[in-house]
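Visitor: My structure file coords.cif, mmCIF, C-alpha atoms and all ligand atoms, is below:
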data_data
loop_
_atom_site.label_atom_id
_atom_site.label_comp_id
_atom_site.auth_asym_id
_atom_site.auth_seq_id
_atom_site.Cartn_x
_atom_site.Cartn_y
_atom_site.Cartn_z
CA MET A 1 -7.49 -0.68 -5.71
CA GLN A 2 -9.09 1.83 -8.03
CA HIS A 3 -7.06 4.98 -7.68
CA ILE A 4 -3.37 5.78 -7.11
CA ALA A 5 -2.25 9.39 -6.60
CA ILE A 6 1.41 10.40 -6.69
CA ILE A 7 3.39 13.40 -5.45
CA MET A 8 6.34 13.24 -7.83
CA ASP A 9 9.07 14.84 -5.72
CA GLY A 10 12.85 15.11 -6.02
CA ASN A 11 13.53 15.96 -9.67
CA GLY A 12 15.63 18.97 -8.66
CA ARG A 13 17.69 17.04 -6.10
CA TRP A 14 18.20 14.16 -8.53
CA ALA A 15 19.69 16.63 -11.03
CA LYS A 16 21.77 18.42 -8.38
CA GLU A 17 23.32 15.14 -7.19
CA ARG A 18 24.53 14.64 -10.75
CA GLY A 19 25.69 18.22 -11.36
CA LEU A 20 22.93 18.70 -13.95
CA PRO A 21 20.51 21.60 -14.46
CA ARG A 22 17.12 21.14 -12.73
CA ALA A 23 15.34 20.91 -16.09
CA GLN A 24 17.25 17.67 -16.73
CA GLY A 25 15.72 16.27 -13.57
CA HIS A 26 12.24 17.10 -14.82
CA ARG A 27 13.05 15.50 -18.17
CA ALA A 28 14.16 12.31 -16.43
CA GLY A 29 11.00 12.55 -14.31
CA ALA A 30 8.87 12.50 -17.45
CA GLU A 31 10.36 9.04 -18.20
CA SER A 32 9.16 7.82 -14.80
CA VAL A 33 5.69 9.11 -15.67
CA ARG A 34 5.65 6.93 -18.79
CA GLU A 35 6.78 3.86 -16.83
CA VAL A 36 4.30 4.33 -14.02
CA MET A 37 1.42 4.75 -16.44
CA GLU A 38 2.30 1.41 -18.03
CA ALA A 39 2.56 -0.26 -14.64
CA CYS A 40 -0.84 1.06 -13.57
CA LYS A 41 -2.44 -0.18 -16.76
CA GLU A 42 -0.88 -3.57 -16.15
CA LEU A 43 -2.32 -3.66 -12.62
CA GLY A 44 -5.77 -2.65 -13.82
CA VAL A 45 -5.76 0.56 -11.75
CA LYS A 46 -8.65 2.72 -13.00
CA TYR A 47 -7.35 6.18 -12.02
CA LEU A 48 -3.82 7.54 -11.80
CA THR A 49 -3.46 11.12 -10.56
CA LEU A 50 -0.10 12.86 -10.91
CA TYR A 51 0.86 16.12 -9.17
CA ALA A 52 2.63 17.65 -12.15
CA PHE A 53 2.48 21.37 -11.24
CA SER A 54 1.26 22.93 -8.01
CA SER A 55 -0.22 26.41 -7.45
CA GLU A 56 2.94 27.12 -5.45
CA ASN A 57 5.17 26.15 -8.41
CA TRP A 58 4.25 29.47 -10.09
CA SER A 59 6.74 31.14 -7.73
CA ARG A 60 9.68 29.20 -9.24
CA PRO A 61 12.05 31.00 -11.65
CA GLU A 62 10.48 31.83 -15.00
CA ALA A 63 12.95 29.60 -16.87
CA GLU A 64 12.03 26.53 -14.81
CA ILE A 65 8.31 27.14 -15.30
CA LYS A 66 8.92 27.44 -19.05
CA ALA A 67 10.92 24.19 -19.07
CA LEU A 68 8.14 22.37 -17.19
CA MET A 69 5.42 23.66 -19.55
CA ALA A 70 7.54 22.70 -22.59
CA LEU A 71 7.96 19.19 -21.15
CA LEU A 72 4.28 18.92 -20.58
CA ASP A 73 3.52 20.08 -24.14
CA ARG A 74 5.97 17.49 -25.48
CA PHE A 75 4.44 14.78 -23.33
CA LEU A 76 0.97 15.69 -24.61
CA ASP A 77 2.18 15.74 -28.23
CA GLU A 78 3.89 12.38 -27.92
CA LYS A 79 1.29 10.70 -25.77
CA GLY A 80 -1.93 12.19 -27.14
CA LYS A 81 -2.51 9.62 -29.87
CA GLU A 82 -1.07 6.79 -27.83
CA LEU A 83 -3.39 7.43 -24.89
CA ASP A 84 -6.31 7.13 -27.25
CA LYS A 85 -4.97 3.90 -28.79
CA GLN A 86 -4.53 2.45 -25.30
CA ASN A 87 -8.12 3.41 -24.46
CA VAL A 88 -6.91 5.83 -21.72
CA ARG A 89 -8.92 8.94 -20.88
CA LEU A 90 -7.10 12.15 -19.98
CA GLN A 91 -8.43 14.59 -17.39
CA ALA A 92 -6.89 17.69 -15.84
CA ILE A 93 -7.60 19.19 -12.42
CA GLY A 94 -6.47 22.59 -11.16
CA GLN A 95 -6.64 26.21 -12.28
CA ILE A 96 -6.24 25.25 -15.93
CA ASP A 97 -6.99 28.79 -17.12
CA ARG A 98 -3.65 29.90 -15.61
CA LEU A 99 -1.68 27.64 -17.99
CA PRO A 100 -0.19 28.94 -21.25
CA LYS A 101 -2.57 28.77 -24.22
CA SER A 102 -0.38 26.21 -26.03
CA THR A 103 -0.76 23.81 -23.10
CA ARG A 104 -4.48 24.49 -22.62
CA ASP A 105 -5.17 23.86 -26.30
CA ARG A 106 -3.35 20.54 -26.21
CA LEU A 107 -5.18 19.49 -23.05
CA THR A 108 -8.58 20.41 -24.49
CA LYS A 109 -7.87 18.52 -27.71
CA ILE A 110 -6.72 15.32 -26.00
CA GLN A 111 -9.46 15.42 -23.36
CA GLU A 112 -12.04 15.72 -26.11
CA ARG A 113 -10.46 12.94 -28.16
CA THR A 114 -10.20 10.52 -25.21
CA LYS A 115 -13.38 11.36 -23.30
CA ASN A 116 -15.10 8.02 -24.00
CA ASN A 117 -12.08 5.81 -23.26
CA ASP A 118 -12.54 3.51 -20.31
CA SER A 119 -9.49 1.32 -19.60
CA MET A 120 -7.89 3.93 -17.31
CA THR A 121 -8.12 7.66 -16.52
CA LEU A 122 -4.90 9.65 -16.27
CA VAL A 123 -5.54 12.74 -14.16
CA LEU A 124 -2.93 15.50 -14.38
CA ALA A 125 -2.99 17.97 -11.49
CA LEU A 126 -1.82 21.21 -13.10
CA SER A 127 -1.67 24.56 -11.36
CA TYR A 128 -3.39 22.56 -8.64
CA GLY A 129 -3.77 23.52 -5.00
CA SER A 130 -6.14 21.84 -2.59
CA ARG A 131 -6.95 24.92 -0.55
CA GLU A 132 -7.82 26.81 -3.74
CA GLU A 133 -10.03 23.88 -4.81
CA ILE A 134 -11.82 23.70 -1.45
CA THR A 135 -12.29 27.47 -1.40
CA ALA A 136 -13.79 27.41 -4.91
CA SER A 137 -16.15 24.62 -3.84
CA ALA A 138 -17.28 26.64 -0.79
CA ARG A 139 -17.80 29.68 -2.99
CA SER A 140 -19.95 27.88 -5.56
CA ILE A 141 -22.06 26.29 -2.80
CA ALA A 142 -22.51 29.72 -1.19
CA GLU A 143 -23.61 31.12 -4.55
CA ALA A 144 -26.19 28.37 -4.94
CA ALA A 145 -27.44 29.02 -1.40
CA LEU A 146 -27.66 32.79 -1.94
CA ALA A 147 -29.56 32.20 -5.17
CA GLY A 148 -32.03 30.08 -3.20
CA GLU A 149 -31.20 26.94 -5.20
CA ILE A 150 -30.22 24.92 -2.12
CA THR A 151 -30.99 25.12 1.60
CA LEU A 152 -28.29 25.02 4.30
CA ASP A 153 -29.46 21.53 5.30
CA GLU A 154 -28.52 20.29 1.86
CA ILE A 155 -24.84 21.17 2.38
CA THR A 156 -23.33 17.76 3.14
CA PRO A 157 -19.91 16.17 2.52
CA GLU A 158 -21.41 14.51 -0.58
CA LEU A 159 -22.58 17.85 -1.97
CA PHE A 160 -19.21 19.41 -1.15
CA SER A 161 -17.42 16.61 -3.07
CA LYS A 162 -19.58 17.28 -6.09
CA HIS A 163 -18.25 20.85 -6.28
CA LEU A 164 -14.57 19.81 -6.30
CA TYR A 165 -12.53 19.32 -9.51
CA THR A 166 -12.64 15.62 -8.71
CA SER A 167 -16.44 15.31 -8.63
CA GLU A 168 -16.36 12.40 -11.10
CA ILE A 169 -13.26 10.70 -9.65
CA PRO A 170 -13.27 8.23 -6.72
CA ASP A 171 -11.00 9.12 -3.77
CA PRO A 172 -7.44 7.72 -3.95
CA ASP A 173 -6.86 4.36 -2.24
CA LEU A 174 -3.13 4.92 -2.18
CA LEU A 175 -1.06 8.10 -2.07
CA ILE A 176 2.63 7.77 -2.93
CA ARG A 177 5.25 10.47 -2.34
CA THR A 178 8.84 10.12 -3.48
CA SER A 179 12.08 11.67 -2.14
CA GLY A 180 11.34 10.66 1.45
CA GLU A 181 9.51 13.87 2.42
CA MET A 182 6.58 13.34 4.79
CA ARG A 183 4.34 16.15 3.61
CA ILE A 184 1.09 16.50 1.68
CA SER A 185 1.95 19.89 0.13
CA ASN A 186 -1.59 21.07 -0.60
CA PHE A 187 -2.46 17.94 -2.63
CA LEU A 188 -5.99 16.44 -2.55
CA LEU A 189 -6.50 17.32 1.13
CA TRP A 190 -10.21 16.49 1.08
CA GLN A 191 -9.89 13.39 -1.11
CA ILE A 192 -7.14 11.58 0.85
CA SER A 193 -9.10 11.44 4.13
CA TYR A 194 -8.96 7.62 4.11
CA SER A 195 -6.05 6.94 1.71
CA GLU A 196 -3.07 4.81 2.68
CA ILE A 197 0.15 6.83 2.38
CA VAL A 198 3.40 5.26 1.19
CA ILE A 199 6.57 7.36 1.33
CA VAL A 200 9.38 6.18 -0.94
CA LYS A 201 12.98 7.35 -0.37
CA LYS A 202 13.96 7.38 -4.05
CA MET A 203 13.88 10.61 -6.03
CA TRP A 204 11.10 10.67 -8.66
CA PRO A 205 13.41 10.14 -11.70
CA ASP A 206 14.64 6.90 -10.08
CA PHE A 207 11.10 5.62 -9.44
CA ARG A 208 10.46 2.68 -11.78
CA GLN A 209 7.76 0.06 -12.35
CA GLY A 210 9.19 -2.18 -9.62
CA ASP A 211 8.86 0.65 -7.10
CA LEU A 212 5.21 1.09 -7.98
CA PHE A 213 4.54 -2.64 -7.60
CA ALA A 214 6.32 -2.55 -4.20
CA ALA A 215 4.15 0.37 -3.04
CA VAL A 216 1.03 -1.54 -4.07
CA GLU A 217 2.24 -4.60 -2.12
CA GLU A 218 2.74 -2.39 0.94
CA TYR A 219 -0.79 -1.06 0.49
CA LYS A 220 -2.16 -4.61 0.32
CA THR A 221 -0.50 -5.72 3.58
CA ARG A 222 -1.96 -2.72 5.41
CA HIS A 223 -5.31 -3.33 3.87
CA ARG A 224 -5.34 -6.98 4.91
CA ARG A 225 -4.49 -6.05 8.47
CA PHE A 226 -7.35 -3.55 8.49
CA GLY A 227 -9.75 -6.19 7.18
CA ALA A 228 -8.78 -8.59 9.99
CA LEU A 229 -9.71 -6.19 12.78
C1 LIG A 301 9.02 17.90 -8.09
O1 LIG A 301 10.42 17.93 -8.08
C2 LIG A 301 8.46 17.80 -9.40
C3 LIG A 301 7.79 18.78 -10.09
C4 LIG A 301 7.61 20.12 -9.52
C5 LIG A 301 7.24 18.58 -11.42
C6 LIG A 301 6.89 17.22 -11.86
C7 LIG A 301 7.00 17.12 -13.32
C8 LIG A 301 7.42 16.05 -14.03
C9 LIG A 301 7.75 14.76 -13.42
C10 LIG A 301 7.65 16.09 -15.51
C11 LIG A 301 6.53 16.46 -16.40
C12 LIG A 301 5.24 15.87 -16.10
C13 LIG A 301 4.50 15.13 -16.96
C14 LIG A 301 3.14 14.71 -16.58
C15 LIG A 301 5.04 14.69 -18.26
P1 LIG A 301 11.14 19.20 -7.47
O2 LIG A 301 11.56 20.06 -8.62
O3 LIG A 301 10.30 19.84 -6.46
O4 LIG A 301 12.39 18.52 -6.82
P2 LIG A 301 13.23 19.04 -5.55
O5 LIG A 301 12.28 19.00 -4.39
O6 LIG A 301 14.30 18.04 -5.45
O7 LIG A 301 13.71 20.41 -5.89
#
Take the structure I supplied and represent it as structure tokens, if you would.
Guide:
Amino acid sequence: MQHIAIIMDGNGRWAKERGLPRAQGHRAGAESVREVMEACKELGVKYLTLYAFSSENWSRPEAEIKALMALLDRFLDEKGKELDKQNVRLQAIGQIDRLPKSTRDRLTKIQERTKNNDSMTLVLALSYGSREEITASARSIAEAALAGEITLDEITPELFSKHLYTSEIPDPDLLIRTSGEMRISNFLLWQISYSEIVIVKKMWPDFRQGDLFAAVEEYKTRHRRFGAL
């Protein structure tokens, strides 16, 4: 098990159930992020990818977008040094140039500071959409072909993968989605071709270390069955 990817869903519903504003749900969700990172380190997982902000999330109310970006900035401020101390590398995938400058600057700084760390890589999917990513890959391959740098025969799945944001990241072994929804929501469509999917009923702010360990156990039982065939 090298790579776990998570669709962190249900912050809004978690808050609503408690009569709280949605931003409170996101704040509680940031706690789950901290816990899950610890759990993954403990398990020796090499890559953890979190769907923190989708391309579609830009159509949410301005105030909610602001609250999410502020949370992210705070997370980066608080975690920046700690990630480095824990030998964790930070990467970001998505249309990063659409993010506010304050967030981009923080990301650049921490990515630079942690680029040689090798215990684990935390990948934040920000302003991320899989169709946009695949389209951009197709476009850059077409450009290379038009420029005569590659022939059509050279366009293979391997080449295609190299043009995605995730070119340096192995495909996820396990995809987890919380809140019980059975959807992929434009997340890593290409990369999850062979991933095991575990859907957890709990809302993201209720997802704790034990829930991650349980999902990994579920993955292992499926994997063993596959190996026996
Ligand atoms: C989905 O819940 C969650 C998000 C859109 C954002 C996820 C962000 C965080 C967990 C916090 C910040 C992230 C980091 C990395 C510190 P939803 O709002 O779609 O919930 P709903 O479906 O119940 O409305």
Visitor: Could the residues that lie within 6 Å of ligand LIG 301 (chain A), counting all atoms listed in the file, be listed as number ranges by chain?
Guide: A: 8-13, 26, 29-30, 52-53, 71-72, 75
Visitor: Restricting the calculation to only C-alpha atoms, which member of A:Leu50, A:Ile6, A:Ala70, A:Leu124 is positioned closest to Ser102 of chain A?
Guide: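 Residue with the minimum atom-to-atom distance to Ser102 of chain A: A:Ala70.
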Visitor: Just the number, please: distance in Å from atom CA of Lys202 of chain A to atom CA of Leu175 of chain A, one decimal.
Guide: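 Separating atom CA of Lys202 of chain A from atom CA of Leu175 of chain A is a distance of 15.2 Å.
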Visitor: Nearest to Glu181 of chain A: which of A:Met69, A:Val198, A:Ala145, A:Met1 is it, counting all atoms listed in the file?
Guide: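 Between A:Met69, A:Val198, A:Ala145, A:Met1, the residue approaching Glu181 of chain A most closely is A:Val198.
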Visitor: For each of A:Glu38, A:Glu56, A:Glu218, A:Asp211, take the minimum atom-to-atom distance to Asn186 of chain A, counting all atoms listed in the file, then give the residue where this is smallest.
Guide: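 Closest to Asn186 of chain A, using all atoms listed in the file: A:Glu56.
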Visitor: Between atom CA of Ala138 of chain A and atom CA of Leu159 of chain A, what is the spacing in Å?
Guide: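 Between atom CA of Leu159 of chain A and atom CA of Ala138 of chain A the gap is 10.3 Å.
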Visitor: To one decimal place in Å, what is the distance between atom CA of Met203 of chain A and atom CA of Arg177 of chain A?
Guide: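 Pair atom CA of Met203 of chain A / atom CA of Arg177 of chain A returns 9.4 Å.
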Visitor: Let me make sure I understand: among A:Ile110, A:Met120, A:Ala215, A:Ala142, which one has the smallest atom-to-atom distance to Lys81 of chain A if we use all atoms listed in the file?
Guide: A:Ile110
Visitor: Using all atoms listed in the file, which of the listed residues (A:Gly80, A:Pro205, A:Gly94, A:Pro21) sits closest to Val36 of chain A?
Guide: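 Looking at the shortest contact to Val36 of chain A, the residue is A:Pro205.
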Visitor: Considering all atoms listed in the file, state which residue in the set A:Val200, A:Val33, A:Leu164, A:Ile96 is at the smallest distance from Ser140 of chain A.
Guide: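 Closest to Ser140 of chain A, using all atoms listed in the file: A:Leu164.
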Visitor: Report as a PyMOL selection string all protein, DNA and RNA residues lying within 12 Å of Ala144 of chain A, evaluated on only C-alpha atoms, omitting residues in the same chain fewer than 4 positions from it.
Guide: chain A and resi 137-140+148-152+154-155+159-160+163
Visitor: Export, as a short mmCIF file (atom, residue, chain, number, x, y, z; two decimals), keeping the file's coordinate frame, the selected residues with C-alpha atoms.
Guide:
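Ended up saving to part.cif:
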data_model
loop_
_atom_site.label_atom_id
_atom_site.label_comp_id
_atom_site.auth_asym_id
_atom_site.auth_seq_id
_atom_site.Cartn_x
_atom_site.Cartn_y
_atom_site.Cartn_z
CA SER A 137 -16.15 24.62 -3.84
CA ALA A 138 -17.28 26.64 -0.79
CA ARG A 139 -17.80 29.68 -2.99
CA SER A 140 -19.95 27.88 -5.56
CA GLY A 148 -32.03 30.08 -3.20
CA GLU A 149 -31.20 26.94 -5.20
CA ILE A 150 -30.22 24.92 -2.12
CA THR A 151 -30.99 25.12 1.60
CA LEU A 152 -28.29 25.02 4.30
CA GLU A 154 -28.52 20.29 1.86
CA ILE A 155 -24.84 21.17 2.38
CA LEU A 159 -22.58 17.85 -1.97
CA PHE A 160 -19.21 19.41 -1.15
CA HIS A 163 -18.25 20.85 -6.28
#
Visitor: Applying 10 Å and all atoms listed in the file, which residues near Asn116 of chain A remain after dropping the ones on its own chain fewer than 4 positions away? List them as JSON, numbers by chain.
Guide: {"A": [84, 87, 88, 89, 90, 111, 112]}
Visitor: Could you list, as a PyMOL selection string, every residue within 10 Å of His223 of chain A, counting only C-alpha atoms and ignoring same-chain residues fewer than 5 positions away?
Guide: chain A and resi 173+196+217-218+228
